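This is final_24.csv (CSV, C-alpha atoms).
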chain,number,residue,atom,x,y,z
A,1,MET,CA,39.6,-47.4,-0.4
A,2,ASN,CA,38.3,-50.8,0.6
A,3,LYS,CA,37.9,-49.6,4.2
A,4,PHE,CA,35.8,-46.6,3.1
A,5,SER,CA,33.3,-48.6,1.0
A,6,PRO,CA,31.2,-49.9,3.9
A,7,LEU,CA,31.2,-46.4,5.4
A,8,LEU,CA,30.1,-44.9,2.1
A,9,LEU,CA,27.4,-47.5,1.8
A,10,ALA,CA,26.1,-46.7,5.4
A,11,VAL,CA,26.0,-42.9,4.6
A,12,VAL,CA,24.1,-43.5,1.4
A,13,LEU,CA,21.6,-45.8,3.0
A,14,GLN,CA,21.0,-43.3,5.8
A,15,THR,CA,20.5,-40.6,3.2
A,16,GLY,CA,18.1,-42.8,1.3
A,17,VAL,CA,16.0,-43.4,4.4
A,18,ALA,CA,15.9,-39.8,5.4
A,19,GLN,CA,14.8,-38.4,2.0
A,20,ALA,CA,11.1,-39.0,1.7
A,21,ALA,CA,8.1,-36.9,0.7
A,22,THR,CA,5.3,-36.9,3.1
A,23,VAL,CA,1.8,-36.5,1.7
A,24,THR,CA,-1.2,-35.4,3.8
A,25,ILE,CA,-4.8,-35.5,2.6
A,26,ASP,CA,-7.5,-33.9,4.7
A,27,PHE,CA,-10.5,-34.5,2.3
A,28,GLU,CA,-11.7,-30.9,2.6
A,29,ALA,CA,-11.6,-30.3,-1.2
A,30,TYR,CA,-14.8,-32.1,-2.0
A,31,ALA,CA,-18.5,-31.6,-1.1
A,32,ASP,CA,-20.7,-34.1,0.8
A,33,TYR,CA,-21.7,-37.2,-1.1
A,34,THR,CA,-18.8,-36.9,-3.6
A,35,LEU,CA,-17.7,-40.5,-4.6
A,36,ILE,CA,-14.0,-40.6,-4.2
A,37,THR,CA,-12.0,-42.8,-6.6
A,38,THR,CA,-9.1,-41.2,-8.6
A,39,GLN,CA,-9.4,-37.6,-7.5
A,40,TYR,CA,-6.2,-37.9,-5.5
A,41,SER,CA,-4.2,-39.9,-8.0
A,42,PRO,CA,-1.9,-36.9,-8.7
A,43,LEU,CA,-0.8,-37.5,-5.1
A,44,GLY,CA,-0.2,-41.2,-5.7
A,45,VAL,CA,-3.3,-42.6,-4.1
A,46,THR,CA,-6.8,-43.9,-5.2
A,47,PHE,CA,-9.8,-45.1,-3.2
A,48,ALA,CA,-12.6,-47.7,-3.6
A,49,ASN,CA,-15.9,-47.8,-1.6
A,50,ALA,CA,-15.5,-44.3,-0.4
A,51,SER,CA,-17.2,-40.9,-0.4
A,52,ILE,CA,-17.1,-37.6,1.4
A,53,SER,CA,-19.3,-36.8,4.4
A,54,GLN,CA,-19.3,-33.9,6.7
A,55,TYR,CA,-19.0,-35.3,10.2
A,56,HIS,CA,-17.6,-34.2,13.5
A,57,CYS,CA,-14.5,-36.3,13.0
A,58,CYS,CA,-11.4,-35.3,15.0
A,59,GLY,CA,-13.3,-33.0,17.3
A,60,THR,CA,-14.5,-30.5,14.7
A,61,PRO,CA,-17.0,-30.5,11.8
A,62,SER,CA,-15.0,-31.4,8.7
A,63,GLN,CA,-15.1,-33.4,5.5
A,64,SER,CA,-14.1,-37.0,6.1
A,65,LEU,CA,-13.8,-40.1,4.0
A,66,VAL,CA,-16.5,-42.7,4.8
A,67,ASN,CA,-17.1,-46.3,3.7
A,68,SER,CA,-20.1,-45.4,1.6
A,69,SER,CA,-21.1,-44.6,-2.0
A,70,ASP,CA,-23.3,-41.7,-1.0
A,71,GLY,CA,-22.0,-40.1,2.2
A,72,GLY,CA,-23.6,-42.6,4.6
A,73,ASN,CA,-26.8,-44.2,3.4
A,74,ASN,CA,-25.3,-47.0,1.2
A,75,ARG,CA,-22.6,-48.4,3.3
A,76,LEU,CA,-19.7,-50.4,1.8
A,77,SER,CA,-16.8,-52.5,3.1
A,78,PRO,CA,-14.0,-52.6,2.8
A,79,LEU,CA,-12.7,-49.1,2.2
A,80,ILE,CA,-9.7,-49.6,0.0
A,81,ILE,CA,-6.7,-47.2,-0.3
A,82,SER,CA,-4.3,-48.0,-3.1
A,83,PHE,CA,-0.9,-46.4,-3.6
A,84,ALA,CA,0.7,-45.8,-7.0
A,85,SER,CA,4.1,-46.8,-5.5
A,86,PRO,CA,5.0,-48.5,-2.2
A,87,VAL,CA,4.8,-46.2,0.8
A,88,PHE,CA,5.7,-46.2,4.5
A,89,ASP,CA,4.7,-44.3,7.7
A,90,VAL,CA,0.9,-44.5,6.8
A,91,SER,CA,-1.4,-43.0,9.4
A,92,TYR,CA,-5.0,-41.6,9.6
A,93,ILE,CA,-7.6,-40.6,12.1
A,94,TYR,CA,-10.3,-43.3,12.6
A,95,ASP,CA,-13.8,-42.6,13.8
A,96,ASN,CA,-16.3,-45.5,14.3
A,97,TYR,CA,-19.3,-43.1,14.3
A,98,GLY,CA,-20.2,-43.9,17.8
A,99,PHE,CA,-20.4,-47.7,17.5
A,100,SER,CA,-19.2,-49.7,20.5
A,101,GLY,CA,-19.0,-53.4,20.8
A,102,GLY,CA,-17.4,-54.5,17.6
A,103,THR,CA,-13.9,-54.4,16.2
A,104,GLY,CA,-13.0,-53.5,12.6
A,105,PHE,CA,-9.6,-54.1,11.1
A,106,ALA,CA,-7.2,-52.3,8.8
A,107,SER,CA,-4.8,-54.4,6.9
A,108,ALA,CA,-1.8,-53.3,4.9
A,109,PHE,CA,-0.6,-55.3,1.8
A,110,ASP,CA,2.4,-55.1,-0.5
A,111,SER,CA,2.3,-55.1,-4.3
A,112,SER,CA,1.7,-58.9,-4.4
A,113,HIS,CA,-1.2,-58.5,-2.0
A,114,THR,CA,0.9,-60.2,0.8
A,115,LEU,CA,-0.3,-59.2,4.2
A,116,LEU,CA,2.2,-56.9,5.9
A,117,GLN,CA,0.4,-55.8,9.0
A,118,THR,CA,-3.1,-55.8,10.5
A,119,ILE,CA,-4.4,-53.3,13.1
A,120,ALA,CA,-7.6,-53.6,15.1
A,121,SER,CA,-9.6,-50.4,14.7
A,122,PRO,CA,-10.2,-48.6,18.0
A,123,ASP,CA,-13.4,-49.5,19.8
A,124,ASN,CA,-14.1,-46.7,22.3
A,125,GLY,CA,-17.5,-45.3,21.4
A,126,TYR,CA,-16.8,-42.1,19.6
A,127,GLY,CA,-13.4,-42.3,17.8
A,128,ASN,CA,-10.9,-39.8,16.6
A,129,ASP,CA,-8.2,-42.3,17.2
A,130,LEU,CA,-4.8,-42.3,15.4
A,131,VAL,CA,-4.2,-45.5,13.4
A,132,SER,CA,-0.6,-45.9,12.3
A,133,PHE,CA,1.2,-48.6,10.3
A,134,SER,CA,4.9,-49.4,11.0
A,135,ALA,CA,5.3,-51.6,7.9
A,136,SER,CA,7.1,-50.3,4.8
A,137,GLY,CA,6.5,-51.2,1.2
A,138,ILE,CA,2.7,-50.7,1.6
A,139,SER,CA,0.8,-50.8,-1.7
A,140,SER,CA,-2.7,-50.9,-0.4
A,141,ILE,CA,-4.8,-50.8,2.8
A,142,GLU,CA,-8.2,-52.4,3.4
A,143,ILE,CA,-10.3,-51.1,6.2
A,144,THR,CA,-13.3,-53.2,7.3
A,145,ASN,CA,-16.2,-52.1,9.6
A,146,PRO,CA,-17.2,-54.1,12.7
A,147,PHE,CA,-20.5,-55.3,11.1
A,148,ASP,CA,-21.8,-55.2,7.6
A,149,GLY,CA,-23.6,-51.9,7.1
A,150,TRP,CA,-21.8,-50.0,9.9
A,151,LEU,CA,-20.4,-46.6,8.9
A,152,PHE,CA,-16.9,-45.4,9.8
A,153,ALA,CA,-14.8,-42.4,8.7
A,154,ILE,CA,-11.1,-41.6,8.2
A,155,ASP,CA,-9.5,-38.2,8.0
A,156,ASP,CA,-6.0,-36.7,7.8
A,157,LEU,CA,-4.4,-39.6,5.8
A,158,LYS,CA,-0.6,-39.3,5.8
A,159,PHE,CA,2.0,-41.4,4.1
A,160,SER,CA,5.6,-41.1,3.1
A,161,VAL,CA,7.0,-41.9,-0.4
A,162,PRO,CA,10.7,-42.4,-1.0
A,163,GLU,CA,11.9,-39.7,-3.3
A,164,PRO,CA,13.2,-41.0,-6.7
A,165,GLY,CA,16.4,-38.9,-6.3
A,166,SER,CA,17.3,-40.7,-3.1
A,167,LEU,CA,16.8,-44.1,-4.7
A,168,ALA,CA,18.9,-43.1,-7.8
A,169,LEU,CA,21.7,-41.9,-5.5
A,170,LEU,CA,21.6,-45.2,-3.6
A,171,GLY,CA,21.8,-47.1,-6.9
A,172,LEU,CA,24.7,-45.0,-8.2
A,173,ALA,CA,26.6,-45.5,-4.9
A,174,LEU,CA,26.1,-49.3,-5.1
A,175,VAL,CA,27.3,-49.3,-8.7
A,176,GLY,CA,30.4,-47.3,-7.7
A,177,ILE,CA,31.2,-49.6,-4.8
A,178,ALA,CA,30.9,-52.7,-7.0
A,179,GLY,CA,33.1,-51.0,-9.7
A,180,SER,CA,35.8,-50.1,-7.2
A,181,ARG,CA,35.9,-53.7,-5.8
A,182,LYS,CA,36.2,-55.1,-9.4
A,183,ARG,CA,39.1,-52.8,-10.1
A,184,LYS,CA,40.9,-53.9,-6.9
A,185,ALA,CA,40.4,-57.6,-7.7
A,186,ALA,CA,41.9,-57.2,-11.2
I'd like the structure from this file rewritten - as structure tokens, please.
Amino acid sequence: MNKFSPLLLAVVLQTGVAQAATVTIDFEAYADYTLITTQYSPLGVTFANASISQYHCCGTPSQSLVNSSDGGNNRLSPLIISFASPVFDVSYIYDNYGFSGGTGFASAFDSSHTLLQTIASPDNGYGNDLVSFSASGISSIEITNPFDGWLFAIDDLKFSVPEPGSLALLGLALVGIAGSRKRKAA
């Protein structure tokens, strides 16, 4: 049995990584100028310094999340995305509203607010660029604009959350492996 324990652990770890729920938010559910805070909390995410604005983000007119309290006139920074539990594979479409010449940043933090990863926001005139984080264990993301008062938008926010069943299965397997080793040692 001792030879099979590492194999069992490898299979369970692979299963735990593969089992994840992917959440996608397209921000189409709310009207222009809606301040967005906890409306998406049932999906495990909240926002600060954000509202909805109809903008030609991603090549078509759509509702997007902007760094503003009123859809564009009162600009705020940073736009903060907070997750109820640590996530991975976070991505979104970024649009800098036509600004060229400055670089904003998106920074991912863990639950202790330790910096995990920073990405320079694309600076290519009109945006519609994919921003994607490779870090795991992300609890929040802060997106800053190139200059105070400059508007930017994000759309199609996606993130993956480990499913509790997978984590429970991993824990159960580890307990079983530890128990079998104790029995052999006795």
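Shell of Val161 in chain A at 8 Å, with all atoms listed in the file counted and residues fewer than 4 places along the chain excluded, is Ala20, Ala21, Thr22, Val23, Ser85, Pro86, Val87 and Phe88 of chain A.
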Problem set entry | Within 10 Å of Thr46 in chain A using only C-alpha atoms, minus same-chain residues under 3 positions, as a list in words | Ile36, Thr37, Thr38, Gln39, Tyr40, Ser41, Pro42, Leu43, Ala50, Ile80, Ile81, Ser82, Phe83, Ala84 and Ser140 of chain A
Residues as selected, C-alpha atoms, written as a compact mmCIF listing (two decimals), in the frame of the given file, can you do that?
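The file below, result_5.txt, is the result:
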# COMPACT_ATOMS: atom_id res chain seq x y z
CA ILE A 36 -14.00 -40.60 -4.20
CA THR A 37 -12.00 -42.80 -6.60
CA THR A 38 -9.10 -41.20 -8.60
CA GLN A 39 -9.40 -37.60 -7.50
CA TYR A 40 -6.20 -37.90 -5.50
CA SER A 41 -4.20 -39.90 -8.00
CA PRO A 42 -1.90 -36.90 -8.70
CA LEU A 43 -0.80 -37.50 -5.10
CA ALA A 50 -15.50 -44.30 -0.40
CA ILE A 80 -9.70 -49.60 0.00
CA ILE A 81 -6.70 -47.20 -0.30
CA SER A 82 -4.30 -48.00 -3.10
CA PHE A 83 -0.90 -46.40 -3.60
CA ALA A 84 0.70 -45.80 -7.00
CA SER A 140 -2.70 -50.90 -0.40
Problem set entry | Point (-16.9, -30.1, -4.8) neighbourhood (12 Å, only C-alpha atoms) written as an MDAnalysis selection string | chainID A and resid 27:36 39 51:53 63
Residue subset to file, keeping C-alpha atoms, as an mmCIF file, in the coordinates of the input:
data_model
loop_
_atom_site.group_PDB
_atom_site.id
_atom_site.type_symbol
_atom_site.label_atom_id
_atom_site.label_comp_id
_atom_site.auth_asym_id
_atom_site.auth_seq_id
_atom_site.Cartn_x
_atom_site.Cartn_y
_atom_site.Cartn_z
ATOM 1 C CA PHE A 27 -10.500 -34.500 2.300
ATOM 2 C CA GLU A 28 -11.700 -30.900 2.600
ATOM 3 C CA ALA A 29 -11.600 -30.300 -1.200
ATOM 4 C CA TYR A 30 -14.800 -32.100 -2.000
ATOM 5 C CA ALA A 31 -18.500 -31.600 -1.100
ATOM 6 C CA ASP A 32 -20.700 -34.100 0.800
ATOM 7 C CA TYR A 33 -21.700 -37.200 -1.100
ATOM 8 C CA THR A 34 -18.800 -36.900 -3.600
ATOM 9 C CA LEU A 35 -17.700 -40.500 -4.600
ATOM 10 C CA ILE A 36 -14.000 -40.600 -4.200
ATOM 11 C CA GLN A 39 -9.400 -37.600 -7.500
ATOM 12 C CA SER A 51 -17.200 -40.900 -0.400
ATOM 13 C CA ILE A 52 -17.100 -37.600 1.400
ATOM 14 C CA SER A 53 -19.300 -36.800 4.400
ATOM 15 C CA GLN A 63 -15.100 -33.400 5.500
#
Problem set entry | Å distance separating CA of Asn49 in chain A from CA of Ser77 in chain A, one decimal place |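 Taking CA of Asn49 in chain A as the start and CA of Ser77 in chain A as the end point, the length is 6.7 Å.
Comparing A:Phe152, A:Phe159, A:Gly104, A:Asp110 by their smallest distance to Leu65 in chain A, the closest is A:Phe152 (using all atoms listed in the file).
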Exercise. Between CA of Tyr94 in chain A and CA of Leu115 in chain A, what is the distance, to one decimal in Å?
Worked result: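 Computing it gives 20.6 Å between the two atoms.
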Exercise. Suppose you want the space between CA of Ala106 in chain A and CA of Ile141 in chain A; what is it in Å?
Worked result: 6.6 Å
Problem set entry | Top pick for closest residue to Thr144 in chain A, considering A:Tyr92, A:Asp156, A:Ser121, A:Ala48 and counting all atoms listed in the file | A:Ser121
Exercise. Closest to Ser68 in chain A among A:Glu163, A:Ala120, A:Ser91, A:Phe47, using all atoms listed in the file?
Worked result: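 So, comparing all the options, the nearest one is A:Phe47.
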